$ cat structure-v3.txt   # compact mmCIF, C-alpha atoms and all ligand atoms
# COMPACT_ATOMS: atom_id res chain seq x y z
CA MET A 12 41.06 62.20 76.93
CA LEU A 13 38.58 64.87 78.04
CA ASP A 14 34.91 64.00 78.31
CA ASN A 15 32.80 65.24 75.38
CA VAL A 16 35.85 66.31 73.34
CA VAL A 17 36.42 64.48 70.07
CA PRO A 18 40.17 64.50 69.37
CA ALA A 19 41.23 66.21 66.13
CA ILE A 20 43.85 63.49 65.70
CA GLN A 21 43.74 60.05 67.27
CA PHE A 22 46.29 57.32 66.70
CA ASP A 23 46.32 53.86 68.16
CA ARG A 24 49.21 51.38 67.80
CA VAL A 25 50.26 53.01 64.51
CA GLU A 26 52.98 51.25 62.55
CA LYS A 27 54.94 52.47 59.56
CA SER A 28 57.86 50.77 57.84
CA PHE A 29 60.00 51.57 54.83
CA GLY A 30 60.92 48.12 53.52
CA SER A 31 62.61 46.32 56.41
CA LEU A 32 63.10 49.54 58.41
CA LYS A 33 60.43 49.81 61.11
CA VAL A 34 60.04 53.52 61.87
CA LEU A 35 56.77 53.80 63.83
CA LYS A 36 56.42 50.80 66.09
CA GLY A 37 52.93 50.88 67.50
CA ILE A 38 52.59 54.44 68.78
CA SER A 39 49.39 55.76 70.34
CA GLY A 40 48.10 59.15 71.35
CA PHE A 41 45.59 61.89 70.63
CA ILE A 42 45.52 65.63 70.05
CA ASN A 43 42.46 67.68 70.92
CA PRO A 44 41.16 70.59 68.81
CA GLY A 45 43.15 73.73 69.59
CA GLU A 46 45.82 71.83 71.49
CA VAL A 47 49.46 72.64 70.71
CA VAL A 48 51.75 69.61 70.84
CA ALA A 49 55.48 69.39 70.18
CA ILE A 50 56.91 66.11 68.95
CA ILE A 51 60.53 65.81 69.97
CA GLY A 52 63.14 63.10 69.51
CA PRO A 53 66.50 62.32 67.92
CA SER A 54 67.11 62.76 64.21
CA GLY A 55 65.67 59.86 62.24
CA CYS A 56 63.32 58.66 64.99
CA GLY A 57 60.20 59.20 62.85
CA LYS A 58 58.79 62.67 63.68
CA SER A 59 58.33 63.74 60.06
CA THR A 60 57.05 60.29 59.12
CA LEU A 61 54.31 60.59 61.74
CA LEU A 62 53.35 64.07 60.50
CA ARG A 63 53.31 62.81 56.92
CA CYS A 64 50.91 60.04 57.99
CA PHE A 65 48.54 62.70 59.37
CA ASN A 66 47.76 63.99 55.88
CA ARG A 67 48.25 60.69 54.09
CA LEU A 68 51.50 61.54 52.39
CA GLU A 69 52.45 58.19 53.92
CA LYS A 70 50.11 55.23 54.37
CA ILE A 71 50.30 53.50 57.74
CA ASN A 72 51.00 49.73 57.77
CA GLY A 73 49.16 48.93 60.98
CA GLY A 74 47.00 50.34 63.76
CA ARG A 75 44.30 53.01 63.57
CA LEU A 76 44.60 56.68 62.65
CA THR A 77 41.72 59.17 62.54
CA VAL A 78 42.19 62.80 61.52
CA ASN A 79 39.28 65.25 61.61
CA GLY A 80 36.86 62.32 61.58
CA ILE A 81 38.46 60.66 58.54
CA ASP A 82 39.68 57.11 59.18
CA LEU A 83 43.12 56.99 57.54
CA SER A 84 43.57 53.31 58.36
CA ARG A 85 41.28 52.54 55.42
CA SER A 86 42.92 52.10 52.06
CA ASN A 87 39.84 52.98 50.00
CA LEU A 88 39.64 56.71 50.70
CA THR A 89 38.04 58.71 47.91
CA SER A 90 39.90 61.56 46.23
CA GLN A 91 37.22 63.87 47.68
CA GLN A 92 38.09 62.69 51.22
CA LEU A 93 41.79 63.14 50.56
CA ARG A 94 41.23 66.63 49.17
CA GLN A 95 39.15 67.53 52.24
CA LEU A 96 41.80 66.13 54.57
CA ARG A 97 44.61 68.03 52.89
CA ALA A 98 42.58 71.25 52.79
CA ASP A 99 42.23 70.98 56.59
CA VAL A 100 45.64 69.66 57.55
CA GLY A 101 48.44 72.13 56.83
CA MET A 102 52.02 70.98 56.86
CA VAL A 103 55.20 73.04 56.80
CA PHE A 104 57.77 70.86 55.11
CA GLN A 105 61.21 70.56 56.61
CA HIS A 106 62.65 71.52 53.22
CA PHE A 107 61.01 74.62 51.93
CA ASN A 108 59.64 73.17 48.70
CA LEU A 109 59.19 76.56 47.07
CA PHE A 110 58.83 76.57 43.29
CA PRO A 111 62.06 78.24 42.09
CA HIS A 112 60.48 79.75 38.96
CA MET A 113 57.70 81.51 40.89
CA THR A 114 57.87 84.62 43.05
CA VAL A 115 57.15 84.48 46.77
CA LEU A 116 53.66 85.79 46.13
CA GLU A 117 52.98 83.29 43.33
CA ASN A 118 54.23 80.44 45.53
CA LEU A 119 51.89 81.45 48.33
CA ALA A 120 48.85 82.17 46.20
CA LEU A 121 49.02 78.82 44.40
CA ALA A 122 47.63 76.45 47.07
CA PRO A 123 44.66 78.67 48.07
CA GLN A 124 43.71 78.79 44.38
CA LYS A 125 44.13 75.06 43.77
CA VAL A 126 42.79 73.79 47.08
CA LEU A 127 40.30 76.42 48.23
CA GLY A 128 39.21 77.66 44.81
CA GLN A 129 40.24 81.24 45.56
CA SER A 130 40.77 83.64 42.66
CA ALA A 131 44.34 84.75 41.87
CA LYS A 132 43.48 88.18 43.28
CA GLU A 133 42.06 86.75 46.49
CA GLY A 134 45.03 84.36 46.86
CA SER A 135 47.48 87.24 46.44
CA ARG A 136 45.61 89.36 48.97
CA THR A 137 45.70 86.56 51.57
CA ALA A 138 49.38 85.93 50.79
CA ARG A 139 50.27 89.63 51.23
CA PHE A 140 48.38 89.72 54.55
CA PHE A 141 50.39 86.82 55.97
CA LEU A 142 53.69 87.96 54.45
CA ASP A 143 53.24 91.27 56.24
CA LYS A 144 52.69 89.39 59.52
CA VAL A 145 56.08 87.69 59.22
CA GLY A 146 57.89 90.88 58.12
CA LEU A 147 58.32 89.87 54.49
CA ALA A 148 55.97 92.24 52.68
CA GLN A 149 58.91 93.74 50.76
CA LYS A 150 59.91 90.29 49.44
CA ALA A 151 56.61 89.51 47.70
CA GLU A 152 58.11 89.85 44.22
CA ALA A 153 61.40 88.11 45.07
CA TYR A 154 62.30 84.62 43.85
CA PRO A 155 63.22 81.89 46.39
CA ASP A 156 66.94 81.99 45.54
CA GLN A 157 66.98 85.67 46.52
CA LEU A 158 65.90 84.85 50.10
CA SER A 159 67.84 83.79 53.19
CA GLY A 160 67.18 80.38 54.75
CA GLY A 161 65.06 81.90 57.52
CA GLN A 162 63.10 84.01 55.02
CA LYS A 163 62.33 80.88 52.96
CA GLN A 164 61.14 79.17 56.11
CA ARG A 165 58.82 82.10 56.91
CA VAL A 166 57.48 82.17 53.35
CA ARG A 167 56.59 78.51 53.72
CA SER A 168 54.85 78.92 57.06
CA PRO A 169 52.31 81.77 56.89
CA VAL A 170 49.42 80.56 54.73
CA PRO A 171 47.45 77.82 56.56
CA SER A 172 46.41 75.85 53.50
CA ALA A 173 49.91 75.64 51.98
N1 LIG A 201 60.71 57.45 51.95
C1 LIG A 201 61.56 56.81 52.76
N2 LIG A 201 62.14 55.66 52.38
C2 LIG A 201 62.98 54.98 53.20
N3 LIG A 201 63.32 55.39 54.44
C3 LIG A 201 62.78 56.54 54.86
C4 LIG A 201 61.90 57.32 54.05
N4 LIG A 201 61.52 58.41 54.75
C5 LIG A 201 62.16 58.34 55.93
N5 LIG A 201 62.92 57.22 56.00
C6 LIG A 201 63.71 56.78 57.16
O1 LIG A 201 62.81 56.69 58.27
C7 LIG A 201 63.45 57.16 59.45
C8 LIG A 201 62.59 58.28 60.05
O2 LIG A 201 62.68 59.42 59.21
P1 LIG A 201 61.98 60.79 59.58
O3 LIG A 201 62.15 61.70 58.40
O4 LIG A 201 60.60 60.53 60.05
O5 LIG A 201 62.88 61.28 60.82
P2 LIG A 201 62.78 62.59 61.73
O6 LIG A 201 62.49 62.13 63.13
O7 LIG A 201 61.85 63.58 61.13
O8 LIG A 201 64.29 63.11 61.66
P3 LIG A 201 64.90 64.62 61.60
O9 LIG A 201 64.87 65.13 63.02
O10 LIG A 201 66.31 64.38 61.12
O11 LIG A 201 64.08 65.44 60.65
C9 LIG A 201 64.86 57.56 59.07
O12 LIG A 201 65.72 56.47 59.37
C10 LIG A 201 64.78 57.77 57.56
O13 LIG A 201 66.02 57.49 56.94
MG MG A 202 62.09 65.47 60.19

$ encode --input "structure-v3.txt" --output "structure tokens" --more "lines below"
Ligand SMILES: Nc1ncnc2c1ncn2[C@@H]1O[C@H](COP(=O)(O)OP(=O)(O)OP(=O)(O)O)[C@@H](O)[C@H]1O
Ligand SMILES: [Mg+2]
Amino acid sequence: MLDNVVPAIQFDRVEKSFGSLKVLKGISGFINPGEVVAIIGPSGCGKSTLLRCFNRLEKINGGRLTVNGIDLSRSNLTSQQLRQLRADVGMVFQHFNLFPHMTVLENLALAPQKVLGQSAKEGSRTARFFLDKVGLAQKAEAYPDQLSGGQKQRVRSPVPSA
């Protein structure tokens, strides 16, 4: 750990089980602000579970976990703290989780409106900006089932708050 740097994510002997299946067995580490870290390992070893713990989609069963100064080991987090956490911690789901009845643009503009309080116009503008960056500007009005697998993945990835 570097002197004077407060880690963005710090985990200490974190445990997570699903029933009798122990997935995270006391893992520790930290990630500094701006640091890029790849988590690698065999299928089923717990990579997604760890990421899901980082924004409290899963509750840890043991150890300590702090993300952006919020202690996720506590069970009495307020909805305000959870909202703040999830506004800061973006997650690209392994499955694309696009709403099938909404266009690409509507899918992307939804979270900024709900989470950041952006207007529909503002949300669409941000969405178009990022879609252009990943070469999908021409797919803004398309529905998810009209996209290739890679295009769905890129739709899911561009907007930080999604
Ligand atoms: N909600 C759940 N209920 C029960 N078991 C679960 C649940 N979620 C994950 N598991 C199990 O926990 C283990 C870790 O799953 P996880 O999704 O974290 O793996 P992963 O490392 O991301 O794998 P992959 O590389 O295949 O995506 C697996 O054995 C999985 O079957
Ligand atoms: Mg996974």

$ closest_residue --input "structure-v3.txt" --among "A:Asp143, A:Ser86, A:Asp99, A:Ile51" --to "ligand MG 202 (chain A)" --atoms "only C-alpha atoms and all ligand atoms"
A:Ile51

$ residues_around --input "structure-v3.txt" --residues "Ile20 of chain A" --least-positions-apart "5" --cutoff "6 Å" --atoms "only C-alpha atoms" --output "PyMOL selection string"
chain A and resi 41-42+77-78

$ residues_near_ligand --input "structure-v3.txt" --ligand "ligand MG 202 (chain A)" --cutoff "12 Å" --atoms "all atoms listed in the file" --output "ChimeraX atom specification"
/A:50-63,102-106

$ atom_distance --input "structure-v3.txt" --atom1 "atom CA of Asn72 of chain A" --atom2 "atom CA of Lys27 of chain A"
5.1 Å

$ residues_around --input "structure-v3.txt" --residues "Val126 of chain A" --least-positions-apart "3" --cutoff "12 Å" --atoms "only C-alpha atoms" --output "list in words"
Gln91, Leu93, Arg94, Gln95, Leu96, Arg97, Ala98, Asp99, Val100, Gly101, Leu119, Ala120, Leu121, Ala122, Pro123, Gln129, Ser130, Gly134, Pro171, Ser172 and Ala173 of chain A

$ closest_residue --input "structure-v3.txt" --among "A:Glu152, A:Asp23, A:Glu133, A:Glu69" --to "ligand LIG 201 (chain A)" --atoms "all atoms listed in the file"
A:Glu69

$ closest_residue --input "structure-v3.txt" --among "A:Phe65, A:Asn118, A:Gly128, A:Val16" --to "Pro44 of chain A" --atoms "all atoms listed in the file"
A:Val16

$ residues_near_point --input "structure-v3.txt" --point "(57.6, 83.4, 49.0)" --cutoff "7 Å" --atoms "all atoms listed in the file" --output "ChimeraX atom specification"
/A:114-116,118-119,151,155,163,166-167

$ closest_residue --input "structure-v3.txt" --among "A:Arg24, A:Lys70, A:Pro18, A:Leu109" --to "ligand LIG 201 (chain A)" --atoms "all atoms listed in the file"
A:Lys70

$ axis_aligned_box --input "structure-v3.txt" --around "ligand LIG 201 (chain A)" --padding-each-side "5 Å" --output "lines of an AutoDock Vina configuration file"
center_x = 63.5
center_y = 60.2
center_z = 57.5
size_x = 15.7
size_y = 20.5
size_z = 21.2

$ closest_residue --input "structure-v3.txt" --among "A:Leu142, A:Val17, A:Leu76, A:Ile81" --to "Gly37 of chain A" --atoms "all atoms listed in the file"
A:Leu76

$ decode --input "structure-v3.txt" --residues "segment 65-107 of chain A" --atoms "C-alpha atoms" --output "PDB file, in the first residue's frame"
ATOM      1  CA  PHE A  65     -18.033  -4.434  -4.441  1.00  0.00           C
ATOM      2  CA  ASN A  66     -21.390  -2.774  -5.111  1.00  0.00           C
ATOM      3  CA  ARG A  67     -23.367  -4.795  -2.589  1.00  0.00           C
ATOM      4  CA  LEU A  68     -25.271  -6.915  -5.061  1.00  0.00           C
ATOM      5  CA  GLU A  69     -23.976  -9.647  -2.742  1.00  0.00           C
ATOM      6  CA  LYS A  70     -23.497  -9.308   1.006  1.00  0.00           C
ATOM      7  CA  ILE A  71     -20.238 -10.694   2.371  1.00  0.00           C
ATOM      8  CA  ASN A  72     -20.437 -13.301   5.168  1.00  0.00           C
ATOM      9  CA  GLY A  73     -17.140 -12.476   6.831  1.00  0.00           C
ATOM     10  CA  GLY A  74     -14.143 -10.158   6.800  1.00  0.00           C
ATOM     11  CA  ARG A  75     -13.999  -6.436   6.006  1.00  0.00           C
ATOM     12  CA  LEU A  76     -14.754  -4.640   2.749  1.00  0.00           C
ATOM     13  CA  THR A  77     -14.535  -0.887   2.201  1.00  0.00           C
ATOM     14  CA  VAL A  78     -15.404   0.759  -1.116  1.00  0.00           C
ATOM     15  CA  ASN A  79     -14.984   4.509  -1.609  1.00  0.00           C
ATOM     16  CA  GLY A  80     -14.969   4.971   2.158  1.00  0.00           C
ATOM     17  CA  ILE A  81     -18.200   3.013   2.697  1.00  0.00           C
ATOM     18  CA  ASP A  82     -17.826   0.025   5.034  1.00  0.00           C
ATOM     19  CA  LEU A  83     -19.721  -2.775   3.285  1.00  0.00           C
ATOM     20  CA  SER A  84     -19.115  -5.197   6.148  1.00  0.00           C
ATOM     21  CA  ARG A  85     -21.906  -3.429   8.023  1.00  0.00           C
ATOM     22  CA  SER A  86     -25.403  -4.736   7.522  1.00  0.00           C
ATOM     23  CA  ASN A  87     -27.179  -1.495   8.433  1.00  0.00           C
ATOM     24  CA  LEU A  88     -26.285   0.611   5.398  1.00  0.00           C
ATOM     25  CA  THR A  89     -28.844   3.277   4.565  1.00  0.00           C
ATOM     26  CA  SER A  90     -30.527   3.386   1.167  1.00  0.00           C
ATOM     27  CA  GLN A  91     -28.766   6.742   0.660  1.00  0.00           C
ATOM     28  CA  GLN A  92     -25.360   5.065   1.184  1.00  0.00           C
ATOM     29  CA  LEU A  93     -26.273   2.254  -1.184  1.00  0.00           C
ATOM     30  CA  ARG A  94     -27.446   4.729  -3.826  1.00  0.00           C
ATOM     31  CA  GLN A  95     -24.190   6.681  -3.466  1.00  0.00           C
ATOM     32  CA  LEU A  96     -22.142   3.492  -3.707  1.00  0.00           C
ATOM     33  CA  ARG A  97     -23.932   2.303  -6.824  1.00  0.00           C
ATOM     34  CA  ALA A  98     -23.725   5.742  -8.440  1.00  0.00           C
ATOM     35  CA  ASP A  99     -19.929   5.555  -8.031  1.00  0.00           C
ATOM     36  CA  VAL A 100     -19.293   1.887  -8.749  1.00  0.00           C
ATOM     37  CA  GLY A 101     -20.098   0.927 -12.338  1.00  0.00           C
ATOM     38  CA  MET A 102     -20.396  -2.701 -13.295  1.00  0.00           C
ATOM     39  CA  VAL A 103     -20.597  -4.255 -16.739  1.00  0.00           C
ATOM     40  CA  PHE A 104     -22.578  -7.428 -16.283  1.00  0.00           C
ATOM     41  CA  GLN A 105     -21.364 -10.617 -17.883  1.00  0.00           C
ATOM     42  CA  HIS A 106     -24.799 -11.006 -19.464  1.00  0.00           C
ATOM     43  CA  PHE A 107     -25.816  -7.850 -21.203  1.00  0.00           C
TER      44      PHE A 107
END
